[in-house]
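*Asks:* My structure file final_27.cif, mmCIF, C-alpha atoms, is below:
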```cif
data_query
#
loop_
_atom_site.label_atom_id
_atom_site.label_comp_id
_atom_site.auth_asym_id
_atom_site.auth_seq_id
_atom_site.Cartn_x
_atom_site.Cartn_y
_atom_site.Cartn_z
CA MET Y 1 -13.24 93.56 74.37
CA LYS Y 2 -11.16 91.13 76.41
CA LYS Y 3 -13.32 88.89 78.58
CA VAL Y 4 -12.52 87.66 82.05
CA HIS Y 5 -12.88 84.03 83.02
CA VAL Y 6 -14.79 83.56 86.28
CA SER Y 7 -15.04 80.35 88.24
CA THR Y 8 -17.63 80.32 91.01
CA THR Y 9 -20.06 78.19 93.01
CA ILE Y 10 -23.76 78.72 92.48
CA ASN Y 11 -26.34 76.77 94.48
CA GLY Y 12 -23.57 74.31 95.32
CA ASP Y 13 -22.54 73.68 91.71
CA ASN Y 14 -19.27 74.79 90.14
CA LYS Y 15 -19.95 77.24 87.33
CA GLU Y 16 -17.70 79.03 84.90
CA PHE Y 17 -18.40 81.90 82.57
CA LEU Y 18 -16.72 84.65 80.57
CA CYS Y 19 -17.73 88.24 81.17
CA ASP Y 20 -16.82 91.84 80.59
CA THR Y 21 -15.31 93.57 83.68
CA ARG Y 22 -18.18 96.06 83.77
CA GLU Y 23 -20.89 93.44 83.76
CA THR Y 24 -23.00 93.01 86.91
CA LEU Y 25 -23.43 89.73 88.73
CA LEU Y 26 -27.13 89.91 87.90
CA ASP Y 27 -26.44 90.13 84.16
CA ALA Y 28 -23.98 87.23 84.36
CA LEU Y 29 -26.53 85.07 86.21
CA ARG Y 30 -29.25 85.84 83.70
CA ASP Y 31 -27.32 86.08 80.44
CA HIS Y 32 -24.42 83.64 80.86
CA LEU Y 33 -25.82 81.06 83.24
CA ALA Y 34 -29.50 81.15 82.22
CA LEU Y 35 -30.50 81.67 85.84
CA THR Y 36 -33.29 84.12 85.14
CA GLY Y 37 -35.06 83.78 88.47
CA SER Y 38 -33.27 86.87 89.81
CA LYS Y 39 -35.00 89.90 88.32
CA GLU Y 40 -33.87 93.36 87.44
CA GLY Y 41 -36.26 95.96 88.81
CA CYS Y 42 -34.37 99.21 89.24
CA GLY Y 43 -30.75 98.23 88.64
CA THR Y 44 -29.64 100.64 91.36
CA GLY Y 45 -30.09 98.67 94.57
CA ASP Y 46 -33.42 100.22 95.56
CA CYS Y 47 -35.93 97.45 94.84
CA GLY Y 48 -34.28 94.17 95.89
CA ALA Y 49 -35.73 92.09 93.04
CA CYS Y 50 -32.22 90.86 92.21
CA SER Y 51 -31.41 89.71 95.77
CA VAL Y 52 -29.09 86.71 96.02
CA ILE Y 53 -27.14 85.29 98.93
CA PHE Y 54 -23.46 86.03 98.38
CA GLU Y 55 -21.02 84.41 100.80
CA GLY Y 56 -23.87 83.91 103.28
CA GLU Y 57 -25.28 87.44 103.12
CA VAL Y 58 -28.15 88.80 101.09
CA ILE Y 59 -27.07 91.44 98.57
CA CYS Y 60 -28.40 93.10 95.44
CA SER Y 61 -26.76 91.27 92.54
CA CYS Y 62 -27.17 94.41 90.41
CA LEU Y 63 -24.70 96.13 92.74
CA ALA Y 64 -22.00 93.47 92.49
CA LEU Y 65 -19.73 92.90 89.53
CA ALA Y 66 -19.72 89.51 87.87
CA VAL Y 67 -15.93 89.34 88.30
CA GLU Y 68 -16.41 89.55 92.07
CA ALA Y 69 -17.99 86.09 91.97
CA GLU Y 70 -14.57 84.51 91.44
CA GLY Y 71 -14.08 81.81 94.09
CA LYS Y 72 -17.24 82.80 95.95
CA ASN Y 73 -20.39 80.96 97.03
CA ILE Y 74 -23.66 82.28 95.71
CA ASP Y 75 -27.21 81.08 96.32
CA THR Y 76 -29.99 82.11 93.98
CA ILE Y 77 -33.73 81.47 93.92
CA GLU Y 78 -33.12 78.49 91.60
CA GLY Y 79 -31.50 76.65 94.50
CA MET Y 80 -34.32 77.25 96.94
CA ALA Y 81 -36.60 74.32 96.16
CA ASN Y 82 -34.98 70.96 96.77
CA ASP Y 83 -35.59 68.24 94.14
CA GLY Y 84 -38.85 69.83 93.14
CA LYS Y 85 -39.97 70.14 96.75
CA LEU Y 86 -40.77 73.72 97.67
CA HIS Y 87 -38.97 75.43 100.53
CA ILE Y 88 -41.23 76.24 103.50
CA LEU Y 89 -41.05 79.93 102.61
CA GLN Y 90 -42.21 79.24 99.05
CA LYS Y 91 -45.05 77.08 100.35
CA LYS Y 92 -46.14 79.75 102.79
CA PHE Y 93 -46.01 82.46 100.12
CA LEU Y 94 -48.48 80.39 98.09
CA GLU Y 95 -50.71 79.65 101.09
CA HIS Y 96 -50.87 83.28 102.14
CA ALA Y 97 -51.19 84.57 98.56
CA ALA Y 98 -48.11 86.69 99.26
CA LEU Y 99 -47.50 87.38 95.59
CA GLN Y 100 -49.39 88.67 92.61
CA CYS Y 101 -47.29 89.56 89.58
CA GLY Y 102 -44.30 87.74 91.05
CA ILE Y 103 -41.46 89.99 89.85
CA CYS Y 104 -40.37 90.89 93.37
CA THR Y 105 -40.97 87.41 94.80
CA PRO Y 106 -37.59 85.72 94.12
CA GLY Y 107 -35.80 88.62 95.78
CA ILE Y 108 -38.15 88.67 98.74
CA LEU Y 109 -37.79 84.91 99.19
CA MET Y 110 -33.99 85.15 99.17
CA ALA Y 111 -34.01 88.05 101.63
CA SER Y 112 -36.47 86.18 103.88
CA LYS Y 113 -34.37 83.03 103.74
CA SER Y 114 -31.36 85.00 104.85
CA LEU Y 115 -33.37 86.56 107.68
CA LEU Y 116 -34.54 83.18 108.98
CA GLN Y 117 -30.98 81.84 108.82
CA GLN Y 118 -29.91 84.57 111.21
CA ASN Y 119 -33.04 85.03 113.28
CA LYS Y 120 -35.30 82.04 113.85
CA GLU Y 121 -37.96 84.01 115.67
CA PRO Y 122 -38.23 87.47 114.15
CA THR Y 123 -40.92 89.90 115.28
CA LYS Y 124 -43.25 91.48 112.78
CA GLU Y 125 -41.27 94.69 113.06
CA GLU Y 126 -37.97 92.90 112.45
CA VAL Y 127 -39.38 91.27 109.30
CA ARG Y 128 -40.60 94.64 108.05
CA PHE Y 129 -37.24 96.32 108.64
CA TRP Y 130 -35.32 93.42 107.12
CA LEU Y 131 -37.46 93.49 103.99
CA ALA Y 132 -37.50 97.28 103.68
CA GLY Y 133 -35.14 96.99 100.70
CA ASN Y 134 -37.56 94.76 98.78
CA LEU Y 135 -40.28 96.66 97.00
CA CYS Y 136 -43.59 95.09 96.03
CA ARG Y 137 -46.19 97.11 94.17
CA CYS Y 138 -48.94 94.47 94.30
CA THR Y 139 -49.47 92.92 97.69
CA GLY Y 140 -49.33 95.79 100.12
CA TYR Y 141 -46.75 93.76 102.09
CA ASP Y 142 -49.06 92.44 104.82
CA LYS Y 143 -49.41 89.01 103.22
CA ILE Y 144 -45.67 88.81 102.66
CA ILE Y 145 -44.92 89.61 106.29
CA ASN Y 146 -47.51 87.07 107.48
CA ALA Y 147 -46.09 84.39 105.17
CA VAL Y 148 -42.57 84.96 106.51
CA LEU Y 149 -43.75 84.84 110.12
CA ASP Y 150 -45.74 81.68 109.46
CA ALA Y 151 -42.76 80.06 107.71
CA ALA Y 152 -40.53 80.96 110.65
CA LYS Y 153 -43.04 79.34 113.00
CA GLU Y 154 -43.25 76.16 110.95
CA MET Y 155 -39.47 75.96 110.61
CA ARG Y 156 -39.11 76.22 114.39
CA GLU Y 157 -41.67 73.48 114.91
CA THR Y 158 -40.24 71.07 112.35
CA VAL Y 159 -36.63 71.29 113.57
CA MET N 1 -11.94 98.74 82.18
CA ARG N 2 -9.09 96.95 83.91
CA TYR N 3 -10.17 95.07 87.04
CA GLU N 4 -7.75 94.15 89.82
CA ALA N 5 -8.36 92.31 93.08
CA PRO N 6 -5.05 92.39 94.97
CA GLN N 7 -4.58 90.12 97.98
CA THR N 8 -2.36 92.37 100.08
CA LEU N 9 -2.31 96.05 100.94
CA ASN N 10 1.20 96.41 99.51
CA GLN N 11 0.10 95.02 96.17
CA ALA N 12 -2.91 97.32 96.22
CA VAL N 13 -0.79 100.40 96.88
CA ASN N 14 1.52 99.45 94.01
CA VAL N 15 -1.28 98.76 91.55
CA PHE N 16 -3.18 101.92 92.43
CA SER N 17 -0.30 104.35 92.70
CA GLU N 18 1.38 103.19 89.51
CA PHE N 19 -1.75 103.56 87.37
CA ASN N 20 -2.03 106.96 85.78
CA GLY N 21 -5.50 106.95 84.20
CA LEU N 22 -8.93 107.43 85.76
CA LYS N 23 -9.22 104.95 88.61
CA ARG N 24 -11.58 104.04 91.42
CA ILE N 25 -11.67 101.72 94.42
CA LEU N 26 -14.34 99.03 94.63
CA ALA N 27 -15.24 98.29 98.24
CA GLY N 28 -18.98 97.87 98.90
CA GLY N 29 -19.70 98.93 95.34
CA THR N 30 -23.15 100.25 96.22
CA ASP N 31 -22.38 103.67 94.74
CA ILE N 32 -19.71 102.94 92.13
CA LEU N 33 -21.86 100.27 90.44
CA VAL N 34 -24.66 102.79 89.99
CA GLN N 35 -22.17 105.33 88.65
CA LEU N 36 -20.79 102.77 86.20
CA ARG N 37 -24.24 101.86 85.03
CA THR N 38 -25.34 105.44 84.46
CA ASP N 39 -22.00 106.37 82.86
CA VAL N 40 -21.36 109.03 85.49
CA ILE N 41 -17.85 107.67 85.59
CA GLN N 42 -15.88 105.44 83.22
CA PRO N 43 -12.80 104.41 85.17
CA GLU N 44 -9.97 102.71 83.30
CA LEU N 45 -8.98 100.86 86.47
CA LEU N 46 -11.28 99.49 89.16
CA MET N 47 -9.48 97.98 92.13
CA ASN N 48 -11.43 95.65 94.43
CA ILE N 49 -10.02 95.82 97.95
CA LYS N 50 -12.40 93.31 99.56
CA ASP N 51 -9.98 90.39 99.21
CA ILE N 52 -7.35 92.15 101.33
CA GLU N 53 -7.61 90.51 104.72
CA GLU N 54 -6.38 93.40 106.86
CA LEU N 55 -8.91 95.78 105.30
CA GLY N 56 -11.77 93.49 106.32
CA LYS N 57 -11.18 93.75 110.07
CA ILE N 58 -12.44 95.75 113.00
CA GLU N 59 -9.53 95.86 115.44
CA LEU N 60 -9.32 97.20 118.96
CA PHE N 61 -6.04 98.65 120.21
CA ASP N 62 -5.22 100.33 123.54
CA ASN N 63 -6.19 103.80 122.40
CA PHE N 64 -8.26 103.36 119.30
CA TRP N 65 -10.46 101.27 117.04
CA LYS N 66 -9.31 100.53 113.54
CA ILE N 67 -11.94 99.79 110.90
CA GLY N 68 -10.74 98.56 107.52
CA ALA N 69 -11.99 100.06 104.26
CA GLY N 70 -13.56 96.75 103.26
CA VAL N 71 -15.68 96.31 106.41
CA SER N 72 -19.40 96.30 105.62
CA ALA N 73 -21.92 98.36 107.56
CA ALA N 74 -23.54 95.13 108.80
CA ASN N 75 -20.24 93.98 110.28
CA ILE N 76 -19.93 97.24 112.19
CA THR N 77 -23.48 97.23 113.58
CA ARG N 78 -23.13 93.55 114.51
CA ASN N 79 -19.97 94.21 116.52
CA LYS N 80 -21.39 94.34 120.06
CA GLU N 81 -18.27 95.74 121.72
CA PHE N 82 -17.92 98.56 119.21
CA SER N 83 -21.59 99.48 119.12
CA LYS N 84 -21.74 99.58 122.91
CA GLU N 85 -18.79 101.97 123.04
CA TRP N 86 -19.90 104.12 120.08
CA PRO N 87 -23.71 103.82 119.81
CA GLY N 88 -23.95 107.06 117.81
CA ILE N 89 -21.44 106.05 115.13
CA THR N 90 -23.25 102.71 114.96
CA GLU N 91 -26.61 104.46 114.54
CA GLY N 92 -25.28 106.45 111.62
CA VAL N 93 -23.79 103.38 109.96
CA GLY N 94 -27.00 101.41 110.52
CA LEU N 95 -29.03 104.00 108.63
CA ILE N 96 -27.16 103.53 105.35
CA GLY N 97 -29.64 101.74 103.09
CA SER N 98 -31.49 98.44 103.28
CA THR N 99 -30.37 95.01 104.54
CA GLN N 100 -28.89 94.25 101.13
CA ILE N 101 -26.98 97.53 101.10
CA GLN N 102 -25.84 97.13 104.72
CA ASN N 103 -24.27 93.81 103.79
CA ARG N 104 -22.08 95.47 101.17
CA ALA N 105 -21.71 99.19 101.79
CA THR N 106 -18.69 100.35 103.79
CA LEU N 107 -18.21 103.25 106.17
CA VAL N 108 -15.10 104.31 104.27
CA GLY N 109 -17.19 104.37 101.09
CA ASN N 110 -19.87 106.48 102.75
CA LEU N 111 -17.14 108.84 103.90
CA SER N 112 -15.21 109.01 100.65
CA ASN N 113 -18.29 109.70 98.56
CA ALA N 114 -18.25 112.97 100.49
CA SER N 115 -21.99 113.42 100.22
CA PRO N 116 -23.07 116.30 102.48
CA ALA N 117 -25.93 114.07 103.67
CA ALA N 118 -23.84 110.96 104.47
CA ASP N 119 -25.29 109.36 107.60
CA GLY N 120 -22.00 107.77 108.62
CA VAL N 121 -20.03 110.98 108.84
CA PRO N 122 -21.33 113.44 111.52
CA ALA N 123 -20.85 111.03 114.44
CA LEU N 124 -17.36 110.17 113.17
CA VAL N 125 -16.40 113.84 113.19
CA ALA N 126 -17.92 114.25 116.66
CA ALA N 127 -15.81 111.32 117.87
CA ASN N 128 -12.59 112.90 116.50
CA ALA N 129 -12.11 109.98 114.12
CA MET N 130 -9.32 110.08 111.56
CA VAL N 131 -8.57 108.25 108.35
CA GLU N 132 -5.41 106.43 107.46
CA ILE N 133 -4.41 107.08 103.87
CA VAL N 134 -1.98 104.90 101.98
CA GLY N 135 -0.02 105.89 98.91
CA ARG N 136 3.30 105.79 97.12
CA ASN N 137 5.05 107.62 99.96
CA GLY N 138 3.67 105.53 102.80
CA ASN N 139 0.87 106.22 105.27
CA ARG N 140 -0.55 109.42 106.62
CA LYS N 141 -3.38 110.27 108.96
CA LEU N 142 -5.93 112.97 108.36
CA GLU N 143 -8.86 114.39 110.33
CA ILE N 144 -12.16 113.87 108.60
CA LEU N 145 -12.95 117.58 108.36
CA SER N 146 -9.64 118.09 106.55
CA LEU N 147 -10.23 115.07 104.34
CA ILE N 148 -13.53 116.31 102.90
CA SER N 149 -13.14 119.47 100.85
CA GLY N 150 -16.63 119.77 99.39
CA PRO N 151 -19.50 117.78 97.92
CA GLY N 152 -17.92 114.68 96.37
CA LYS N 153 -14.41 116.06 96.89
CA LEU N 154 -11.54 114.75 99.03
CA ASN N 155 -8.12 116.19 99.81
CA MET N 156 -6.20 113.24 98.46
CA LYS N 157 -3.52 112.75 95.85
CA SER N 158 -4.10 110.55 92.83
CA ASP N 159 -1.84 107.77 94.12
CA GLU N 160 -3.65 107.55 97.47
CA PHE N 161 -6.64 105.74 98.90
CA ILE N 162 -8.12 105.34 102.39
CA SER N 163 -7.19 102.09 104.11
CA HIS N 164 -8.73 102.51 107.56
CA ILE N 165 -10.81 104.67 109.84
CA LEU N 166 -9.25 105.29 113.24
CA ILE N 167 -11.66 106.00 116.08
CA PRO N 168 -10.34 106.87 119.56
CA ARG N 169 -11.52 104.86 122.57
CA GLN N 170 -14.52 106.51 124.17
CA ASN N 171 -13.80 108.41 127.41
CA LYS N 172 -15.38 107.62 130.78
CA ASN N 173 -18.80 109.15 131.46
CA SER N 174 -19.20 109.84 127.78
CA SER N 175 -21.47 108.76 124.98
CA ASP N 176 -22.49 109.72 121.49
CA CYS N 177 -25.59 109.87 119.37
CA TYR N 178 -26.64 110.37 115.76
CA ILE N 179 -30.13 111.24 114.64
CA ARG N 180 -31.47 112.41 111.33
CA PHE N 181 -34.69 113.74 109.91
CA ILE N 182 -36.29 112.03 106.92
CA PRO N 183 -39.88 112.37 105.71
CA ARG N 184 -40.33 108.57 105.64
CA THR N 185 -39.66 105.97 108.33
CA GLU N 186 -36.91 104.05 106.47
CA MET N 187 -34.74 103.98 103.34
CA ASP N 188 -34.21 107.68 102.79
CA ILE N 189 -31.52 110.34 102.61
CA ALA N 190 -31.07 112.71 105.54
CA VAL N 191 -32.71 116.11 105.18
CA VAL N 192 -30.74 117.07 108.28
CA GLY N 193 -28.50 114.92 110.46
CA CYS N 194 -26.77 115.59 113.75
CA GLY N 195 -23.97 113.75 115.52
CA VAL N 196 -23.00 114.55 119.10
CA ASN N 197 -20.25 113.26 121.37
CA LEU N 198 -20.63 114.24 125.01
CA SER N 199 -18.75 113.88 128.30
CA VAL N 200 -20.21 114.65 131.71
CA GLU N 201 -18.48 115.39 135.01
CA ASN N 202 -20.41 116.12 138.22
CA ASN N 203 -23.57 116.64 136.17
CA ASN N 204 -21.89 119.29 134.05
CA ILE N 205 -20.84 118.89 130.46
CA SER N 206 -17.06 118.61 130.40
CA ALA N 207 -16.49 117.95 126.70
CA VAL N 208 -18.80 118.10 123.72
CA LYS N 209 -18.76 118.14 119.94
CA VAL N 210 -21.88 118.97 117.93
CA VAL N 211 -21.74 118.17 114.21
CA LEU N 212 -24.44 118.88 111.63
CA GLY N 213 -24.96 116.97 108.39
CA ALA N 214 -26.86 117.78 105.17
CA VAL N 215 -27.00 121.51 105.97
CA GLY N 216 -23.88 122.64 104.11
CA PRO N 217 -21.50 121.64 101.32
CA LYS N 218 -19.82 119.37 103.88
CA VAL N 219 -20.42 118.38 107.50
CA ILE N 220 -20.38 121.32 109.88
CA PHE N 221 -18.65 121.18 113.26
CA SER N 222 -20.40 123.88 115.24
CA GLU N 223 -17.69 125.09 117.56
CA GLU N 224 -19.90 127.81 119.01
CA ALA N 225 -22.73 125.41 119.77
CA SER N 226 -20.29 122.99 121.36
CA ASN N 227 -18.64 125.72 123.44
CA SER N 228 -22.00 127.01 124.60
CA LEU N 229 -22.58 123.73 126.41
CA LEU N 230 -19.14 123.45 127.99
CA GLY N 231 -19.31 123.58 131.78
CA ALA N 232 -23.09 123.95 131.66
CA SER N 233 -25.63 121.57 133.11
CA LEU N 234 -28.26 120.23 130.80
CA ASN N 235 -31.36 122.40 131.23
CA ALA N 236 -33.91 124.33 129.23
CA ASP N 237 -31.63 127.38 129.02
CA SER N 238 -28.51 125.63 127.80
CA LEU N 239 -30.51 123.55 125.34
CA SER N 240 -32.36 126.48 123.83
CA LYS N 241 -29.07 128.33 123.43
CA LEU N 242 -27.65 125.28 121.65
CA GLN N 243 -30.69 125.11 119.44
CA GLU N 244 -30.43 128.77 118.49
CA ILE N 245 -26.74 128.54 117.58
CA CYS N 246 -27.24 125.40 115.48
CA GLU N 247 -30.06 127.10 113.58
CA ARG N 248 -27.63 129.89 112.80
CA ASP N 249 -24.63 127.68 111.99
CA ALA N 250 -26.56 125.50 109.53
CA LYS N 251 -25.95 126.70 105.96
CA PRO N 252 -28.44 124.59 104.00
CA ILE N 253 -29.72 124.90 100.47
CA ASP N 254 -33.31 124.88 99.23
CA ASP N 255 -34.25 121.71 97.40
CA LYS N 256 -37.11 119.26 97.04
CA ARG N 257 -36.09 117.60 100.30
CA GLY N 258 -36.48 120.73 102.40
CA THR N 259 -36.33 124.51 102.38
CA ILE N 260 -33.57 126.57 103.98
CA ASP N 261 -35.83 127.73 106.81
CA PHE N 262 -37.11 124.24 107.52
CA ARG N 263 -33.63 122.73 107.55
CA ARG N 264 -32.29 125.40 109.89
CA LYS N 265 -35.12 124.80 112.31
CA VAL N 266 -34.68 121.02 112.16
CA ALA N 267 -30.91 121.38 112.70
CA GLY N 268 -31.60 123.13 116.01
CA VAL N 269 -34.19 120.58 117.11
CA LEU N 270 -32.01 117.59 116.20
CA ALA N 271 -28.96 119.03 117.98
CA LYS N 272 -31.04 119.43 121.12
CA ARG N 273 -32.44 115.90 120.88
CA ALA N 274 -29.07 114.33 120.10
CA VAL N 275 -27.46 116.03 123.12
CA GLU N 276 -30.33 114.89 125.35
CA LYS N 277 -30.08 111.35 124.07
CA ALA N 278 -26.30 111.13 124.49
CA TYR N 279 -26.70 112.56 128.01
CA LYS N 280 -29.34 109.98 128.82
CA ARG N 281 -27.01 107.22 127.63
CA ILE N 282 -24.28 108.43 129.98
CA MET N 283 -26.71 108.51 132.90
CA GLU N 284 -27.97 105.02 132.14
CA ASP N 285 -24.43 103.63 132.01
CA SER N 286 -23.25 105.19 135.25
#
```
Could I get this file's structure written as structure tokens?
*Replies:*
Amino acid sequence: MKKVHVSTTINGDNKEFLCDTRETLLDALRDHLALTGSKEGCGTGDCGACSVIFEGEVICSCLALAVEAEGKNIDTIEGMANDGKLHILQKKFLEHAALQCGICTPGILMASKSLLQQNKEPTKEEVRFWLAGNLCRCTGYDKIINAVLDAAKEMRETV
Amino acid sequence: MRYEAPQTLNQAVNVFSEFNGLKRILAGGTDILVQLRTDVIQPELLMNIKDIEELGKIELFDNFWKIGAGVSAANITRNKEFSKEWPGITEGVGLIGSTQIQNRATLVGNLSNASPAADGVPALVAANAMVEIVGRNGNRKLEILSLISGPGKLNMKSDEFISHILIPRQNKNSSDCYIRFIPRTEMDIAVVGCGVNLSVENNNISAVKVVLGAVGPKVIFSEEASNSLLGASLNADSLSKLQEICERDAKPIDDKRGTIDFRRKVAGVLAKRAVEKAYKRIMEDS
């Protein structure tokens, strides 16, 4: 089958790949670019494990086509830590033990990052609603919510 | 599958109308991607309309709002001016899926899926919204009730697609509301939904449209329920009459989400609550 050439920006770097028109952005990230941090949970937009930031907004990469990445800016979990230094959210997730098996964690971190970009002081309820599209079967969510709130607090204090 | 991402509406109309095989529009993609994945549909052409600038706008004209087919739900709920004027339409749009879905899904997509349970649709019908359809022979406008012919079915020709939703400016002393019943608190499909658009003059209801969702093969505009409120003041009598008519007008099916009897009852309760809420909004604004 004829492949399409896609040229895109991922975590600030120019990337190019060839893909089938039916391929999802998630598959292209994982299979063509070896960015396997984004996970496939459900593949139907219910679980949020594949969350990436696409043109500044958090989306499920399983619900976008790889060809849609042409000319766009995408941030994935691989771009979250800076030069080996963890992002405040990542640090707080460790401190609060906000993960167990870790499959949902990249998606939850990306969704949380996008929340804190738009809302520096979210309430507990706002965090819960924002993350309602990210399923976690281990933690029971409380630790995740607390980690996000704590990260928001620290980010406000350090700026 | 051929993939096209035209830059202008003219190009899009040409590409879409000239293609004769199985074709679909890609806007938010939150439904079509799932259908592709599960092989529910194997289109030969998929046309992405998100790069078309004029389809990505919410525009305000003298008499109406114009929402492009590429506008995401998040961009509608974030629009303060629109959501203040049409809080009910905004409520419906805001209920479509999670944050991730809101950032992609479009109101036109919600509408053109023609799901009987679509949260975006009842308040649009109550507001007398129309769609603008583009095709080989130019544009045409269609009321939403005439657009939807049944579950998953639209009255459109193969060369056509929806470019915009047109929503009239809200009248004075008027407001709208959409509420739905789901067994969970978030992330679910309506078991029953109800959209209401209401106008009040001298404490009496001067115009009203009551629309029920998820209780029939397509949204139901209950003319009788709406007429029963006309000229009436909002009181226990008029509300219980409304409730009774909506219970009767609902034509639901039995499924795992709810039985016929339950859905009928909920339709009546939601209609009553939606009218009360829209009325309260009018009172708070005046």
*Asks:* Select, as a list of chain:residue names, those residues of chain Y with any atom no more than 6 Å from chain N (distances computed using all atoms listed in the file).
*Replies:*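 Within 6 Å of chain N on chain Y, we get Y:Thr44, Y:Val58, Y:Ile59, Y:Cys60, Y:Leu63, Y:Trp130, Y:Gly133.
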*Asks:* With only C-alpha atoms as the basis for distance, which of N:Glu276, N:Met156, N:Asn202, N:Phe181 is at the shortest distance from Phe262 in chain N?
*Replies:*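 Residue with the minimum atom-to-atom distance to Phe262 in chain N: N:Phe181.
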*Asks:* For Gly37 in chain Y, which residue out of Y:Ile88, Y:Ala69, Y:Leu115, Y:Ala49 is the nearest one, using only C-alpha atoms?
*Replies:* Y:Ala49
*Asks:* For this file, the PyMOL selection byres ((chain Y and resi 93) around 12) selects which residues, as an mmCIF file with C-alpha atoms, in the coordinates of the input?
*Replies:*
```
data_model
loop_
_atom_site.group_PDB
_atom_site.id
_atom_site.type_symbol
_atom_site.label_atom_id
_atom_site.label_comp_id
_atom_site.auth_asym_id
_atom_site.auth_seq_id
_atom_site.Cartn_x
_atom_site.Cartn_y
_atom_site.Cartn_z
ATOM 1 C CA LEU Y 86 -40.770 73.720 97.670
ATOM 2 C CA HIS Y 87 -38.970 75.430 100.530
ATOM 3 C CA ILE Y 88 -41.230 76.240 103.500
ATOM 4 C CA LEU Y 89 -41.050 79.930 102.610
ATOM 5 C CA GLN Y 90 -42.210 79.240 99.050
ATOM 6 C CA LYS Y 91 -45.050 77.080 100.350
ATOM 7 C CA LYS Y 92 -46.140 79.750 102.790
ATOM 8 C CA LEU Y 94 -48.480 80.390 98.090
ATOM 9 C CA GLU Y 95 -50.710 79.650 101.090
ATOM 10 C CA HIS Y 96 -50.870 83.280 102.140
ATOM 11 C CA ALA Y 97 -51.190 84.570 98.560
ATOM 12 C CA ALA Y 98 -48.110 86.690 99.260
ATOM 13 C CA LEU Y 99 -47.500 87.380 95.590
ATOM 14 C CA GLN Y 100 -49.390 88.670 92.610
ATOM 15 C CA GLY Y 102 -44.300 87.740 91.050
ATOM 16 C CA THR Y 105 -40.970 87.410 94.800
ATOM 17 C CA PRO Y 106 -37.590 85.720 94.120
ATOM 18 C CA ILE Y 108 -38.150 88.670 98.740
ATOM 19 C CA LEU Y 109 -37.790 84.910 99.190
ATOM 20 C CA SER Y 112 -36.470 86.180 103.880
ATOM 21 C CA THR Y 139 -49.470 92.920 97.690
ATOM 22 C CA TYR Y 141 -46.750 93.760 102.090
ATOM 23 C CA ASP Y 142 -49.060 92.440 104.820
ATOM 24 C CA LYS Y 143 -49.410 89.010 103.220
ATOM 25 C CA ILE Y 144 -45.670 88.810 102.660
ATOM 26 C CA ILE Y 145 -44.920 89.610 106.290
ATOM 27 C CA ASN Y 146 -47.510 87.070 107.480
ATOM 28 C CA ALA Y 147 -46.090 84.390 105.170
ATOM 29 C CA VAL Y 148 -42.570 84.960 106.510
ATOM 30 C CA LEU Y 149 -43.750 84.840 110.120
ATOM 31 C CA ASP Y 150 -45.740 81.680 109.460
ATOM 32 C CA ALA Y 151 -42.760 80.060 107.710
ATOM 33 C CA ALA Y 152 -40.530 80.960 110.650
#
```
*Asks:* Just say which residues the PyMOL selection byres ((chain N and resi 122-134) around 6) picks in this file, as a PyMOL selection string.
*Replies:* chain N and resi 89+121+135+138-144+160-167+178+195-197+209+211+213
*Asks:* Could you tell me which residues the PyMOL selection byres ((chain N and resi 208) around 9) grabs in this file, written as a list of chain:residue names?
*Replies:*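 On this input, the PyMOL selection byres ((chain N and resi 208) around 9) captures N:Ala126, N:Val196, N:Asn197, N:Leu198, N:Ser199, N:Val200, N:Ile205, N:Ser206, N:Ala207, N:Lys209, N:Val210, N:Ser226, N:Asn227, N:Leu229, N:Leu230, N:Val275.
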